[in-house]
Amino acid sequence: MIQINDLSHSFFVGKKGKEREIPVLTGISLDIEKGEIASIVGRSGSGKSTLLNLISGFMKPVAGQILINGQDVTQFNEKKWAEFRLENFGFIFQNFQLIPSLSTFENIALPLTLRGVSASQRKIRVNEMLGRVGLLEQANHYPNELSGGQQQRVSIARALILNPQIILADEPTGSLDSETEKEILGLIQELNREKGITFFIITHDDEVAEISHKRFNLHDGVLVNGGVPVEA
Ligand SMILES: Nc1ncnc2c1ncn2[C@@H]1O[C@H](COP(=O)(O)OP(=O)(O)OP(=O)(O)O)[C@@H](O)[C@H]1O
């Protein structure tokens, strides 16, 4: 589903003509199958966000190949990327990234609204999703009226509403206490089992890595294990 071959990336800093190359990722190769939860674990500065930005097309790699469902996405232009992202990816972030002026219902409905889905269809699909993530009673609440765990449930529901095949998650429990973290990780596992969604999670947190089928350790831009399966 996601296959990365010998991927490398550098940033170039300094004045034009005198740029200095800062290698950030070197020779990354990995393979993630459909329906797997994969985690990339590394300290701050190890290159996790850069890898996520390359996979989601917000940056172009200096070298190497990223295949998603067999398509070489490194060849995509911006227009193609915008379509591909909407079609295939859902995103979850550490700080939830909800729109403060929209209710729970409206935040989850937003991708459907942008897609031109009718109001009656939106109602059916969002209500079903609210039930699934346990937020029916909070449908009309605004983000500042919700706990951190509830806000992350809203953002997971929003990520799922267009039925993506892959969820890309950036420290999904980084802002949560350990009890709420367990709850959200449990929800991720359930959704993975029920819907066969592939999760690609970047984290520095071993608890998150523990729910993954494959764990990749990133150290100074290099993978130090090749996706050793995590013991159940
Ligand atoms: N735009 C940029 N220009 C120059 N260097 C950059 C740029 N973005 C990131 N870097 C450097 O690349 C390295 C990897 O950064 P990256 O953000 O991918 O790490 P990370 O593992 O996600 O860290 P964190 O967990 O703190 O978010 C760091 O040394 C960082 O300083």
# chains A, B, ... in the order shown; residues from 1 in each chain; ligands from 1

call {"tool": "closest_atom_pairs", "arguments": {"of": "region 33-146 of chain A", "to": "region 179-201 of chain A", "cutoff": "9 Å", "atoms": "only C-alpha atoms", "output": "CSV"}}
result
residue,atom,partner,partner_atom,distance
A:Glu33,CA,A:Thr198,CA,7.7
A:Lys34,CA,A:Thr198,CA,5.6
A:Gly35,CA,A:Thr198,CA,4.4
A:Glu36,CA,A:Thr198,CA,5.0
A:Ile37,CA,A:Phe199,CA,4.6
A:Ala38,CA,A:Phe200,CA,5.0
A:Ser39,CA,A:Ile201,CA,4.7
A:Ile40,CA,A:Ile201,CA,6.2
A:Val41,CA,A:Ile201,CA,8.5
A:Leu52,CA,A:Phe200,CA,8.6
A:Val133,CA,A:Leu187,CA,7.8

call {"tool": "write_last_selection", "arguments": {"atoms": "N, CA and C atoms", "output": "PDB file, in the first residue's frame"}}
result
ATOM      1  N   GLU A  33       1.723  -2.650   4.454  1.00  0.00           N
ATOM      2  CA  GLU A  33       0.631  -3.337   3.748  1.00  0.00           C
ATOM      3  C   GLU A  33      -0.711  -2.715   4.105  1.00  0.00           C
ATOM      4  N   LYS A  34      -1.682  -2.957   3.236  1.00  0.00           N
ATOM      5  CA  LYS A  34      -3.041  -2.481   3.504  1.00  0.00           C
ATOM      6  C   LYS A  34      -3.528  -3.047   4.847  1.00  0.00           C
ATOM      7  N   GLY A  35      -4.146  -2.195   5.657  1.00  0.00           N
ATOM      8  CA  GLY A  35      -4.724  -2.638   6.919  1.00  0.00           C
ATOM      9  C   GLY A  35      -3.745  -2.711   8.072  1.00  0.00           C
ATOM     10  N   GLU A  36      -2.514  -2.272   7.839  1.00  0.00           N
ATOM     11  CA  GLU A  36      -1.536  -2.283   8.941  1.00  0.00           C
ATOM     12  C   GLU A  36      -1.527  -0.938   9.675  1.00  0.00           C
ATOM     13  N   ILE A  37      -1.195  -1.012  10.961  1.00  0.00           N
ATOM     14  CA  ILE A  37      -0.860   0.202  11.704  1.00  0.00           C
ATOM     15  C   ILE A  37       0.667   0.241  11.745  1.00  0.00           C
ATOM     16  N   ALA A  38       1.239   1.289  11.162  1.00  0.00           N
ATOM     17  CA  ALA A  38       2.698   1.415  11.164  1.00  0.00           C
ATOM     18  C   ALA A  38       3.079   2.650  11.957  1.00  0.00           C
ATOM     19  N   SER A  39       4.122   2.520  12.762  1.00  0.00           N
ATOM     20  CA  SER A  39       4.587   3.702  13.487  1.00  0.00           C
ATOM     21  C   SER A  39       6.038   3.984  13.131  1.00  0.00           C
ATOM     22  N   ILE A  40       6.330   5.276  13.036  1.00  0.00           N
ATOM     23  CA  ILE A  40       7.694   5.740  12.850  1.00  0.00           C
ATOM     24  C   ILE A  40       8.063   6.415  14.157  1.00  0.00           C
ATOM     25  N   VAL A  41       9.020   5.845  14.848  1.00  0.00           N
ATOM     26  CA  VAL A  41       9.339   6.336  16.179  1.00  0.00           C
ATOM     27  C   VAL A  41      10.727   6.971  16.160  1.00  0.00           C
ATOM     28  N   LEU A  52       6.685  12.449   6.922  1.00  0.00           N
ATOM     29  CA  LEU A  52       5.233  12.583   6.766  1.00  0.00           C
ATOM     30  C   LEU A  52       4.901  13.594   5.662  1.00  0.00           C
ATOM     31  N   VAL A 133     -17.973   7.354  17.084  1.00  0.00           N
ATOM     32  CA  VAL A 133     -16.888   7.848  17.949  1.00  0.00           C
ATOM     33  C   VAL A 133     -17.404   8.308  19.317  1.00  0.00           C
TER      34      VAL A 133
END

call {"tool": "residues_near_ligand", "arguments": {"ligand": "ligand 1", "cutoff": "8 Å", "atoms": "only C-alpha atoms and all ligand atoms", "output": "number ranges by chain"}}
result
A: 10-13, 22-25, 42-51, 202-204, 220-221

call {"tool": "residues_around", "arguments": {"residues": "region 100-105 of chain A", "least_positions_apart": "3", "cutoff": "10 Å", "atoms": "only C-alpha atoms", "output": "PyMOL selection string"}}
result
chain A and resi 97+108-110+122-123+126-127+129-130+135-146+150-151+153-155+157-158

call {"tool": "select_by_dssp", "arguments": {"residues": "chain A", "states": "helix (DSSP H, G or I)", "output": "ChimeraX atom specification"}}
result
/A:48-55,73-75,78-88,104-114,119-132,136-138,143-145,148-160,178-195,206-210
